[in-house]
Amino acid sequence: MGQRFKVSIKELSKKYPSGLFDFKDTSELDPLDSIIGQKRAVEAIDFGLNMKGSEYNIFVTGLEGTGKSTIIRKLLVEHAKNYETSEDLCLVNNFDDEYCPVVIEMPAGSAVYFSRSMIQFIEVIKTEIPGFFEIPSFLEEQNIIYKETSSRQKELSDDVEQLAESTGFSIISTEEGYQVVPVSDGQPVSQEAYQSLDEATRQEMDENRVQIEEMLDESLLEINKLGEEMKAVLKALVASKTEQLISEQIDPVRYYFRDCKDIQIYLKNVKEDIIDNIATFLGVKGSKDAEGKKFLEMAGSLVKRYQVNVLVDRRQEKGAPVIFESNPSFHNLFGKIEKKPVMGSFETDFTMVQAGSLLKANKGYLVINIEPLLMNLPVWESLKRTLQGSMLQIEDTPGQADYSMPSLKPAPIPLNVKVILVGGYEPFRILQSADSKFNKIFKVRADFDYEAELTDENGYNYARFIARVCKKENLLSFTPDGVWAVIGYGNRIVSNQKKLSLRFGQILGILKEADYWAKKEDALVISQEYVIQAVNQHRFRHNLYEEKVSEQFDDQTVLIDVKGKVTGQVNALAVYDMGEIAFGRPTRITAESYMGTPGIINVEHESDLSGQTHDKGVMIISGYLGRMFAQNYPLSVSISITFEQSYDGVDGDSASSTELYAVLSSLCGIPICQEIAVTGSVNQKGEIQAIGGVNEKIEGFYDICVKKGLTKSQGVMIPFSNVKNLVLRKDVVQAIEQKLFHLYKVRTIEEGIKVLTGVKAGEPDLNSRYPEDTVFGKVQETLKKYHELSMQYAK
């Protein structure tokens, strides 16, 4: 039956070229240090990394398991080596506005030294300042200043008192201030005594009082001035001594960072702030009494102002930073301002600010997975704004800041980072169409392929890749036939004999599992049998549902015929995708034709079980029937098509040719061989088109035939264009080789109906009439009869 359409065994299997694998096992190979089959993606990434500008960020697309993250890491690390290590970053107090701390850059690896140096400096200053001002030399200088000022103040006071005494007055101190009063015999003159004096004497006394009061006022002003001058001198002395102490402790740090202008300015501000608050440090001396403890608490709070918060420490880094952020939350990306509860409220300061991935990756590269990023749109919007502005603002999470709670607003930090987003095709498509800023920020796309041509070079590199994995994972070495079995598994993943899978995540799993089975049997190397065992065992662990479905054919719960012939009935093939595995399941399609309203009744559509693509396939069948048989008179036939025992819905057009064969059989009355299952879509011209899942479909029907008994005539008919996709299980290939099972490849409906019925389709003459002994001739005869009868009933 249809011998010329059979798929030959040569088209199903391919042996590895002799001489290609000239090694005993993969331990003799140099481990692969290059990338297989990703030239387009690698060149795109290289272009993006070398393009300057905040808009040349990179979006990486590709299927899971194609090694995107591994390749990106490799490329970024190699690229980053060409650049100097980025600066460390520290956050320090802003003495002008403590709510706006500032960031300081410093040479890579020096931030921790700076922070520790400041901690040591603070401890020394805090303990030494109180004792420093009790040393004899300082006290002596202080006493000299006190004595000089007191002496000058006493001279001024004595001059006033001498004048008062010489004129019969005395200066007394009251709550309201100093008063000049007349005295007699050492006692103040009473008001009555004063009034009893003659006018000339009173006038003279009043003039003397005014003179003394004027001199007293001038003296008091001068005395106060001398006091203020003394305070200024003492403060200058304290400042000088404090500056001397500070310089002794801080000069090594100042010299270490002599080329860092920001640190020099900061240390100057620290010195001035300590001098301004010297009284607090001095008050710590008497820390045992209540007042001293209060000063101790104040000093503890004060010294925190001089701490250094290390935001980014690059001591362990070489070259530009490369950061992978797996959880791109707002805090993880942009940083965090922590707060601690204090007496029913919250407090924060600059030492509680933490850096995020963007800051850690500054002047380097940040890799982010797009899917979790898009789950939090405020984070995505903030990221775009930050990249466009090239400035990072560490702040509270948008929408979560409590305006009644004090918070910080660190100064914006210049940002120069290359962001690489990694994701699938769907997020990329959505962002391109729905986000106007996306293409402006991510101008470079690197698309990872999931397959490569099976050339000798790629095959040999596959072997070297296996050698690298064996060395890294401590696996047994693979023999040449073991390598070829892995390549065959790669063919199977992409369903193409001439292609290799680049989804190395799946390949790596099989390599490890093959190693497990080989070691379990104490093998020294991994040969083909262990690779096949790994593949089979992996499937066994996942195919419970497949077995349950298969059991339904054993007890006739699901009806299927794999023997005999039936009119208007064809075995179609469907694929069930269950995550890591997919399997084929045959299903019966039946068609019934009769007189009635012209058209095809799609039972699945009428019962809301048909998808849009399946509906399209049914409409194509109508177009084909009209083209082939309605050129001389209209169709006057109703046709009902259904998937028997289908309750979960039907979609896709891969069964459209199968449905058409059932319709043709129903119309011509010629039975179809039930030993052959069919797959393939059809267009309106009757050409058979390629479909997906061809291997799973063939294997699914083969398994059912084995269960029900092989007749040596069973097989599957596939589109001719799907032959290249045949990468079948070893047992199926052996059955075909032994002629226990067969595959047929067809290009048109005419070829397919010939295979299924053994009767030619037929060629039309110039009047569009088909020979009577052909399938199409009998279809045309039936349609003509229906038309003539419909005309009679119409009368």
# chains A, B, ... in the order shown; residues from 1 in each chain; ligands from 1
>>> select_by_dssp(residues="stretch 31-199 of chain A", states="strand (DSSP E)", output="JSON, numbers by chain")
{"A": [58, 59, 60, 61, 88, 89, 90, 91, 92, 102, 103, 104, 105, 106, 169, 170, 171, 172, 173, 174, 177, 178, 179, 180, 181, 182, 183, 184, 187, 188]}
>>> residues_around(residues="A:Ser110", least_positions_apart="5", cutoff="8 Å", atoms="only C-alpha atoms", output="list in words")
Asp88, Asp313 and Arg315 of chain A
>>> closest_atom_pairs(of="stretch 366-485 of chain A", to="stretch 343-358 of chain A", cutoff="10 Å", atoms="only C-alpha atoms", output="JSON lines")
{"residue": "A:Leu366", "atom": "CA", "partner": "A:Leu358", "partner_atom": "CA", "distance": 6.9}
{"residue": "A:Val367", "atom": "CA", "partner": "A:Ser357", "partner_atom": "CA", "distance": 9.5}
{"residue": "A:Ile368", "atom": "CA", "partner": "A:Ser357", "partner_atom": "CA", "distance": 9.8}
{"residue": "A:Leu383", "atom": "CA", "partner": "A:Leu358", "partner_atom": "CA", "distance": 9.2}
{"residue": "A:Thr386", "atom": "CA", "partner": "A:Leu358", "partner_atom": "CA", "distance": 9.5}
{"residue": "A:Leu387", "atom": "CA", "partner": "A:Leu358", "partner_atom": "CA", "distance": 9.8}
{"residue": "A:Leu392", "atom": "CA", "partner": "A:Leu358", "partner_atom": "CA", "distance": 8.0}
{"residue": "A:Ile394", "atom": "CA", "partner": "A:Ala355", "partner_atom": "CA", "distance": 7.8}
{"residue": "A:Glu395", "atom": "CA", "partner": "A:Val353", "partner_atom": "CA", "distance": 9.2}
{"residue": "A:Ser404", "atom": "CA", "partner": "A:Ser345", "partner_atom": "CA", "distance": 9.7}
{"residue": "A:Met405", "atom": "CA", "partner": "A:Phe346", "partner_atom": "CA", "distance": 6.8}
{"residue": "A:Pro406", "atom": "CA", "partner": "A:Glu347", "partner_atom": "CA", "distance": 6.9}
{"residue": "A:Ser407", "atom": "CA", "partner": "A:Thr348", "partner_atom": "CA", "distance": 6.6}
{"residue": "A:Leu408", "atom": "CA", "partner": "A:Asp349", "partner_atom": "CA", "distance": 7.1}
{"residue": "A:Lys409", "atom": "CA", "partner": "A:Phe350", "partner_atom": "CA", "distance": 9.3}
{"residue": "A:Pro410", "atom": "CA", "partner": "A:Phe350", "partner_atom": "CA", "distance": 8.1}
{"residue": "A:Leu415", "atom": "CA", "partner": "A:Leu358", "partner_atom": "CA", "distance": 8.1}
{"residue": "A:Asn416", "atom": "CA", "partner": "A:Leu358", "partner_atom": "CA", "distance": 9.2}
{"residue": "A:Val417", "atom": "CA", "partner": "A:Leu358", "partner_atom": "CA", "distance": 7.3}
{"residue": "A:Lys418", "atom": "CA", "partner": "A:Leu358", "partner_atom": "CA", "distance": 9.5}
{"residue": "A:Val419", "atom": "CA", "partner": "A:Leu358", "partner_atom": "CA", "distance": 8.8}
>>> write_last_selection(atoms="N, CA, C and O atoms", output="PDB file, in the first residue's frame")
ATOM      1  N   LEU A 366      24.867  45.469  35.329  1.00  0.00           N
ATOM      2  CA  LEU A 366      23.825  44.896  36.184  1.00  0.00           C
ATOM      3  C   LEU A 366      22.908  44.027  35.337  1.00  0.00           C
ATOM      4  O   LEU A 366      22.338  44.500  34.345  1.00  0.00           O
ATOM      5  N   VAL A 367      22.763  42.759  35.717  1.00  0.00           N
ATOM      6  CA  VAL A 367      21.922  41.802  34.984  1.00  0.00           C
ATOM      7  C   VAL A 367      20.666  41.538  35.810  1.00  0.00           C
ATOM      8  O   VAL A 367      20.749  41.182  36.985  1.00  0.00           O
ATOM      9  N   ILE A 368      19.489  41.712  35.182  1.00  0.00           N
ATOM     10  CA  ILE A 368      18.212  41.562  35.875  1.00  0.00           C
ATOM     11  C   ILE A 368      17.289  40.685  35.036  1.00  0.00           C
ATOM     12  O   ILE A 368      17.205  40.840  33.817  1.00  0.00           O
ATOM     13  N   LEU A 383      13.167  52.409  37.612  1.00  0.00           N
ATOM     14  CA  LEU A 383      14.388  51.990  36.912  1.00  0.00           C
ATOM     15  C   LEU A 383      14.564  52.782  35.616  1.00  0.00           C
ATOM     16  O   LEU A 383      15.666  53.272  35.323  1.00  0.00           O
ATOM     17  N   THR A 386      15.600  56.331  36.437  1.00  0.00           N
ATOM     18  CA  THR A 386      16.980  56.386  36.915  1.00  0.00           C
ATOM     19  C   THR A 386      17.970  56.251  35.763  1.00  0.00           C
ATOM     20  O   THR A 386      18.970  56.974  35.698  1.00  0.00           O
ATOM     21  N   LEU A 387      17.696  55.329  34.840  1.00  0.00           N
ATOM     22  CA  LEU A 387      18.607  55.117  33.715  1.00  0.00           C
ATOM     23  C   LEU A 387      18.605  56.317  32.775  1.00  0.00           C
ATOM     24  O   LEU A 387      19.657  56.707  32.245  1.00  0.00           O
ATOM     25  N   LEU A 392      21.030  58.338  40.664  1.00  0.00           N
ATOM     26  CA  LEU A 392      20.362  57.422  41.588  1.00  0.00           C
ATOM     27  C   LEU A 392      19.974  58.165  42.859  1.00  0.00           C
ATOM     28  O   LEU A 392      20.797  58.850  43.465  1.00  0.00           O
ATOM     29  N   ILE A 394      18.539  57.366  46.560  1.00  0.00           N
ATOM     30  CA  ILE A 394      18.146  56.393  47.572  1.00  0.00           C
ATOM     31  C   ILE A 394      17.029  57.019  48.399  1.00  0.00           C
ATOM     32  O   ILE A 394      17.219  58.069  49.019  1.00  0.00           O
ATOM     33  N   GLU A 395      15.872  56.383  48.403  1.00  0.00           N
ATOM     34  CA  GLU A 395      14.711  56.974  49.065  1.00  0.00           C
ATOM     35  C   GLU A 395      13.768  55.875  49.530  1.00  0.00           C
ATOM     36  O   GLU A 395      13.973  54.693  49.228  1.00  0.00           O
ATOM     37  N   SER A 404       4.668  61.643  58.377  1.00  0.00           N
ATOM     38  CA  SER A 404       4.764  62.046  59.777  1.00  0.00           C
ATOM     39  C   SER A 404       6.036  61.484  60.420  1.00  0.00           C
ATOM     40  O   SER A 404       6.325  61.772  61.562  1.00  0.00           O
ATOM     41  N   MET A 405       6.779  60.696  59.672  1.00  0.00           N
ATOM     42  CA  MET A 405       7.969  60.049  60.193  1.00  0.00           C
ATOM     43  C   MET A 405       9.209  60.697  59.569  1.00  0.00           C
ATOM     44  O   MET A 405       9.307  60.790  58.349  1.00  0.00           O
ATOM     45  N   PRO A 406      10.166  61.165  60.385  1.00  0.00           N
ATOM     46  CA  PRO A 406      11.372  61.766  59.818  1.00  0.00           C
ATOM     47  C   PRO A 406      12.105  60.762  58.928  1.00  0.00           C
ATOM     48  O   PRO A 406      12.203  59.583  59.259  1.00  0.00           O
ATOM     49  N   SER A 407      12.598  61.221  57.807  1.00  0.00           N
ATOM     50  CA  SER A 407      13.345  60.354  56.924  1.00  0.00           C
ATOM     51  C   SER A 407      14.504  61.140  56.332  1.00  0.00           C
ATOM     52  O   SER A 407      14.666  62.328  56.589  1.00  0.00           O
ATOM     53  N   LEU A 408      15.313  60.459  55.568  1.00  0.00           N
ATOM     54  CA  LEU A 408      16.488  61.075  54.964  1.00  0.00           C
ATOM     55  C   LEU A 408      16.281  61.239  53.474  1.00  0.00           C
ATOM     56  O   LEU A 408      15.460  60.555  52.856  1.00  0.00           O
ATOM     57  N   LYS A 409      17.043  62.124  52.914  1.00  0.00           N
ATOM     58  CA  LYS A 409      17.062  62.296  51.470  1.00  0.00           C
ATOM     59  C   LYS A 409      18.510  62.491  51.037  1.00  0.00           C
ATOM     60  O   LYS A 409      18.969  63.613  50.837  1.00  0.00           O
ATOM     61  N   PRO A 410      19.250  61.362  50.938  1.00  0.00           N
ATOM     62  CA  PRO A 410      20.651  61.480  50.527  1.00  0.00           C
ATOM     63  C   PRO A 410      20.772  62.187  49.184  1.00  0.00           C
ATOM     64  O   PRO A 410      19.888  62.104  48.329  1.00  0.00           O
ATOM     65  N   LEU A 415      25.155  58.143  38.190  1.00  0.00           N
ATOM     66  CA  LEU A 415      25.096  56.703  37.904  1.00  0.00           C
ATOM     67  C   LEU A 415      25.527  56.446  36.464  1.00  0.00           C
ATOM     68  O   LEU A 415      25.026  57.076  35.522  1.00  0.00           O
ATOM     69  N   ASN A 416      26.433  55.514  36.309  1.00  0.00           N
ATOM     70  CA  ASN A 416      26.880  55.094  34.980  1.00  0.00           C
ATOM     71  C   ASN A 416      26.925  53.577  34.976  1.00  0.00           C
ATOM     72  O   ASN A 416      27.924  52.966  35.360  1.00  0.00           O
ATOM     73  N   VAL A 417      25.823  52.957  34.596  1.00  0.00           N
ATOM     74  CA  VAL A 417      25.716  51.503  34.658  1.00  0.00           C
ATOM     75  C   VAL A 417      25.060  50.992  33.381  1.00  0.00           C
ATOM     76  O   VAL A 417      24.173  51.632  32.817  1.00  0.00           O
ATOM     77  N   LYS A 418      25.534  49.855  32.916  1.00  0.00           N
ATOM     78  CA  LYS A 418      24.940  49.186  31.754  1.00  0.00           C
ATOM     79  C   LYS A 418      24.033  48.072  32.277  1.00  0.00           C
ATOM     80  O   LYS A 418      24.493  47.140  32.929  1.00  0.00           O
ATOM     81  N   VAL A 419      22.740  48.179  31.984  1.00  0.00           N
ATOM     82  CA  VAL A 419      21.763  47.196  32.472  1.00  0.00           C
ATOM     83  C   VAL A 419      21.469  46.181  31.373  1.00  0.00           C
ATOM     84  O   VAL A 419      21.218  46.558  30.217  1.00  0.00           O
TER      85      VAL A 419
END
>>> atom_distance(atom1="atom CA of A:Phe465", atom2="atom CA of A:Glu453")
15.9 Å
>>> closest_residue(among="A:Lys235, A:Lys685, A:Lys10, A:Arg503", to="A:Leu726", atoms="only C-alpha atoms")
A:Lys10
